[in-house]
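J.: Next up is a structure, given as structure tokens.
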2 protein chains.
Amino acid sequence: MTEQTAPTTAAGEPPTARGEQTRQLILDTAMRLFQERGYARTTMRAIAQEAGVAVGNAYYYFGSKDHLIQEFYARAQLQHRAAAQPVLDRESEFAARLAGVLHAGIDVLTPSHDFAASFFKTAAEPTSPLSPFSAESSAPRRAAVDLFAEVLDGSTARVDAELRPHLPELLWLAYMGVVLYWVHDRSPQQTKTRRLIDGAVPLVDRLVGLSRLRVLRPVTRQVLDLIRTLRH
Amino acid sequence: MTEQTAPTTAAGEPPTARGEQTRQLILDTAMRLFQERGYARTTMRAIAQEAGVAVGNAYYYFGSKDHLIQEFYARAQLQHRAAAQPVLDRESEFAARLAGVLHAGIDVLTPSHDFAASFFKTAAEPTSPLSPFSAESSAPRRAAVDLFAEVLDGSTARVDAELRPHLPELLWLAYMGVVLYWVHDRSPQQTKTRRLIDGAVPLVDRLVGLSRLRVLRPVTRQVLDLIRTLRH
DNA sequence: CAACGAACTTGAACACGTTCAAGAAGGGCG
DNA sequence: CGCCCTTCTTGAACGTGTTCAAGTTCGTTG
């Protein structure tokens, strides 16, 4: 009984239909309340009450209030992927594909801006399983990195051969930077984030192109060495 | 009485000697306990008890548990400045000065690594006054940016004239990136962060030098345009 | 010196996230 | 049907950050 049998994370799905139904009910209620009132002002008691279950029941399915967020991640990632599809189908130029995918990501997140801002801190904590760098997040992270691999693969961009395998992850990192900026973006409709994307994408595009240039060869090499060092 | 007269932030110093003494006592106790037990496991009750005051008294001086952290920032900044002085006195080359200052920053933070990791999340929250981008943090931020201005001013580096005024802030941003990496760095003694600094500094040095190069002129221009756009 | 008021201090009380021992539901098996 | 075991559900209770009405201290002023 000391063993943890309950599916406290998204990893373990409830084995029965009854469980799955309750789990979804709690999750939907939580997401709705988060969007309505924000993360901090949504209490676990309120979630339980609105869902018509006991407080402890929510903890049977989700290890903590924070774990509910991980579910939000997963959903957002799926929506991002879906929203990016038309762009990937339509565009063939690297810059257009990258801009489209970045904008799609922000599109998906926009309705949750206020709520995202308040939960973002949890994601930033290194010890938290919610950190995008954590082991628990490796599945969604991989999915996200894969998305940027598609951006690159489907494009006509010519990239330095050594740089290419690392580029998807670097693009994902850049996306994390955009999200970080977006979370802090207080401009109406987060228009500044849109400008950041539109300004940064041609820059990245140009840099990627220049990576094959002779003068920059040593720099490219230096960057790759650093990446390799930091990855062990 | 509904008006907030208490100095809940570092901005308002207690007007009397008695107040100042109590404030320092609470602060010192809190810092000690944070280092000993970590942030999360240090309760406000424990701080108050160890300091020999009532819980509410701590809240008279510090608006919240998080506000105690802001004080930690201020102290760390001062220590960073002091630790960087010898480097600034000794070195004249840009790369050496930058590396020295970055290492000095990590030196100062190292004893607090565990504790820093747990409080970092608070800093990441956009709505929090603790965010390094917030208005409340503008004083320490300016001090930090000034430090990097010194790194540049005292150096023999030749920098693109347009880029130069923006460079201190960009270097500070890079430093924030290093700190972000450091916080997540689980390697023993955070050696990977040291390698990151040693690897990234020559890179930055080279890029700064290349900024004056003809081929890169458009890129430099593009970066500067973007920065200006994002700053309104 | 006595009265006043600002500065400071107190600790009980509140709301919230979380835990856990106890029980209910449901279904497989003899 | 009766038994048993897993799955699921409950809600009281705990520890925490935070608030606040009430009290104390102490320099200033008439």
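Chain labels A, B, ... are given in the sequence in which chains occur in the structure tokens; within each chain residues are numbered consecutively from 1, and ligands are likewise numbered from 1 in the order shown.
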Near range 12-15 of chain C, within 10 Å and counting only C-alpha atoms (C1' of nucleotides), which residues show up once chain neighbours fewer than 5 positions away are dropped, as a VMD selection string?
T.: (chain A and resid 43) or (chain D and resid 17 to 20)
J.: With C-alpha atoms (C1' of nucleotides) retained, export the selected residues as a compact mmCIF listing (two decimals), in the first residue's frame.
T.:
# COMPACT_ATOMS: atom_id res chain seq x y z
CA THR A 43 -8.98 26.64 -5.77
C1' DG D 17 1.25 31.78 3.71
C1' DT D 18 -1.22 35.68 4.85
C1' DT D 19 -4.39 39.10 7.26
C1' DC D 20 -5.94 42.10 10.76
J.: Any idea which chain B residues end up within 8 Å of chain A if we count only C-alpha atoms, as a VMD selection string please?
T.: chain B and resid 117 to 127 183 to 184 192 195 to 196 199 to 200 203 206 219 222 to 223 226 229 to 230
J.: Skipping near chain neighbours, those fewer than 5 positions away, what residues fall within 8 Å of Pro140 in chain A using only C-alpha atoms (C1' of nucleotides), listed as a list of chain:residue names?
T.: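 Selected residues are A:Tyr73, A:Ala74, A:Gln77.
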J.: Pick out the residues sitting within 10 Å of Phe34 in chain B, and hand them over as a PyMOL selection string; count only C-alpha atoms (C1' of nucleotides), and ignore anything fewer than 3 positions along from it in its own chain.
T.: chain B and resi 28-31+37-43+47+69+112+114-116+119
J.: Could you state the separation of CA of His113 in chain A and CA of Val201 in chain A in Å, given to one decimal place?
T.: 22.3 Å
J.: CA of Ala83 in chain A and CA of Ala95 in chain A are how many Å apart?
T.: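 Going from CA of Ala83 in chain A over to CA of Ala95 in chain A covers 17.2 Å.
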